[in-house]
Amino acid sequence: MSYKVKLVAIAKDEATYIPEWVHHHLFVGFDEIEIFINRTTDSSQAVLTSICEKYPNVSWRTADWVDQCPPEASKHIQFITYSQAMYQCQEAEDFTHIFFLDIDEFLILDKLSSSIHQIIERFPQGVPIAFEWLNDCTPTAAAFSRLPRTLTGNLSPLVKTLLPVDIQIKEFRHHLPVFKNNVETLLVDKTKFVSQEKVKQALDKSVNFLKSSFIYHRAHRSQYEYISLLYRGRPGDSFAYKSNRRGYPKITANTASVALDKTAYNDYQSSYEKFIVDTNIVGLADESQAFVRQRYDLSIANIPQHLALDYSLMLRLFKGVSDPQVLAAFKQHRENLVKSEPTNVDLLIRLALDAQPQDLDEAIALITLAKAIRPKGPLINKKLTQFLSMKQQA
């Protein structure tokens, strides 16, 4: 049987990342790619127009019409767009499968040596195929780096699901839809998708392990880009920062590395160089990267006021970030809190614990202030000893 597979994405202010993402998924064999841009102020339209002029199987349109709906609906722009794209594919009767990915998600098939068609051929007809996330973890990455040959990341229980076009969807969700009928979703190794008891879109640990094909989720990239990307926010969320992030990741004993096939990767890089020249987007790269830099500046500038709005959330979002401007903003915020309640020992202890991962000297100073007020406090003395030991070992 022959297959025709469509890839659909929604993009917001991601002009600098679109070319690599489009090329990647053309390289792994998607027949058509359609990108919906929404609430976008960067050069995405110019970048996509240049690509589409050379590659007629790539198209784009805006999804801002969804914002004409009441807020309760428009905040679900992703699901509305997915539903529209799925319906159009079913009406056209021209595709066998459809896949929904974000611009930071790169489908990796057998270390880059297989195509999406070859993957589909391994499964029974009409079966949804779920690909697990490997969340990128590249602390030394330079800004605007290309996909490296060795992919380093932390495995997630979340997936994205390749769908047969004729399958009936009851409700779209980010990772695994709810189907109208009793449908068995398979993982890449052909085992059955088994969900967690509480999070139905996430895999149970019994079946969650790194497989031959997966999605490399480049949600973090370099620290510089992570700070900028945080300031994109989320649809329907009034908070300016992307509130579903959990900080910049660190390499741990559980971090995995996958080396892509050397020959395939060399072909991939050569193909991308040709893609850049053919689409004439070299001149647009500076403009799109400048937008990311400007957003980084805005992200930094707005940290103080958002710390005042939700300190705990901001602490989570910027966990693991070592950017000096970020650390200075957090330190200043804690200093302001101490000035407002200088004898609040519980506050001093809590702020010292918050400061420790960011600035050990600040943590020592804060816990020392607490000790001056409560010299025999067991927790205070324990933490002061710990902090001083960490300082000595650093």
# chains A, B, ... in the order shown; residues from 1 in each chain; ligands from 1
$ closest_atom_pairs --of "region 139-197 of chain A" --to "region 112-121 of chain A" --cutoff "12 Å" --atoms "only C-alpha atoms" --output "JSON lines"
{"residue": "A:Leu147", "atom": "CA", "partner": "A:Leu112", "partner_atom": "CA", "distance": 11.6}
{"residue": "A:Pro148", "atom": "CA", "partner": "A:Leu112", "partner_atom": "CA", "distance": 11.9}
{"residue": "A:Arg149", "atom": "CA", "partner": "A:Leu112", "partner_atom": "CA", "distance": 9.8}
{"residue": "A:Thr150", "atom": "CA", "partner": "A:Leu112", "partner_atom": "CA", "distance": 11.4}
{"residue": "A:Leu151", "atom": "CA", "partner": "A:Leu112", "partner_atom": "CA", "distance": 11.4}
{"residue": "A:Leu162", "atom": "CA", "partner": "A:Ile120", "partner_atom": "CA", "distance": 9.2}
{"residue": "A:Leu163", "atom": "CA", "partner": "A:Ile120", "partner_atom": "CA", "distance": 10.4}
{"residue": "A:Pro164", "atom": "CA", "partner": "A:Ile120", "partner_atom": "CA", "distance": 10.0}
{"residue": "A:Leu186", "atom": "CA", "partner": "A:Ile120", "partner_atom": "CA", "distance": 11.4}
{"residue": "A:Leu187", "atom": "CA", "partner": "A:Ile119", "partner_atom": "CA", "distance": 11.3}
{"residue": "A:Val188", "atom": "CA", "partner": "A:Ile119", "partner_atom": "CA", "distance": 8.4}
{"residue": "A:Asp189", "atom": "CA", "partner": "A:Ile119", "partner_atom": "CA", "distance": 10.5}
{"residue": "A:Lys190", "atom": "CA", "partner": "A:Ile119", "partner_atom": "CA", "distance": 10.9}
$ select_by_dssp --residues "region 89-249 of chain A" --states "strand (DSSP E)" --output "NGL selection string"
:A and (97-100 or 105-109 or 129-136 or 150-164 or 169-171 or 178-179 or 186-187 or 213-217)
$ select_by_dssp --residues "region 38-171 of chain A" --states "helix (DSSP H, G or I)" --output "count of residues only"
44
$ residues_around --residues "Gly233 (chain A)" --least-positions-apart "5" --cutoff "12 Å" --atoms "only C-alpha atoms" --output "list in words"
Lys12, Asp13, Arg39, Ile227, Ser228, Ser238, Phe239, Ala240, Tyr241, Lys242, Ser243, Asn244, Arg245, Arg295, Ser299 and Leu317 of chain A
$ write_last_selection --atoms "C-alpha atoms" --output "compact mmCIF listing (two decimals), in the first residue's frame"
# COMPACT_ATOMS: atom_id res chain seq x y z
CA LYS A 12 4.18 31.77 16.88
CA ASP A 13 7.20 34.02 16.37
CA ARG A 39 -0.31 36.05 16.84
CA ILE A 227 15.21 32.87 28.35
CA SER A 228 13.89 34.40 25.14
CA SER A 238 -2.32 36.37 30.81
CA PHE A 239 1.07 35.67 32.40
CA ALA A 240 3.78 36.90 30.00
CA TYR A 241 6.13 33.93 30.51
CA LYS A 242 5.58 30.37 29.29
CA SER A 243 4.17 28.97 32.49
CA ASN A 244 4.39 25.26 31.60
CA ARG A 245 8.21 25.11 31.68
CA ARG A 295 12.70 39.15 23.02
CA SER A 299 12.34 38.77 29.01
CA LEU A 317 10.60 28.74 35.19
$ residues_around --residues "Ser43 (chain A)" --least-positions-apart "5" --cutoff "12 Å" --atoms "only C-alpha atoms" --output "number ranges by chain"
A: 11-19, 37, 48-50, 281, 283-292
$ closest_residue --among "A:Asp204, A:Asp166, A:Glu171, A:Glu362" --to "Glu132 (chain A)" --atoms "only C-alpha atoms"
A:Asp204
$ closest_residue --among "A:Asp323, A:Leu101, A:Leu353, A:Lys6" --to "Lys382 (chain A)" --atoms "only C-alpha atoms"
A:Leu353
$ closest_residue --among "A:Val178, A:Ala130, A:Met314, A:Val345" --to "Leu369 (chain A)" --atoms "only C-alpha atoms"
A:Val345
$ residues_around --residues "Lys205 (chain A)" --least-positions-apart "6" --cutoff "12 Å" --atoms "only C-alpha atoms" --output "count of residues only"
10
$ residues_around --residues "Glu20 (chain A)" --least-positions-apart "5" --cutoff "9 Å" --atoms "only C-alpha atoms" --output "PyMOL selection string"
chain A and resi 25+146-147+272+276
$ closest_residue --among "A:Glu32, A:Asp110, A:Asp64, A:Glu184" --to "Lys211 (chain A)" --atoms "only C-alpha atoms"
A:Asp110
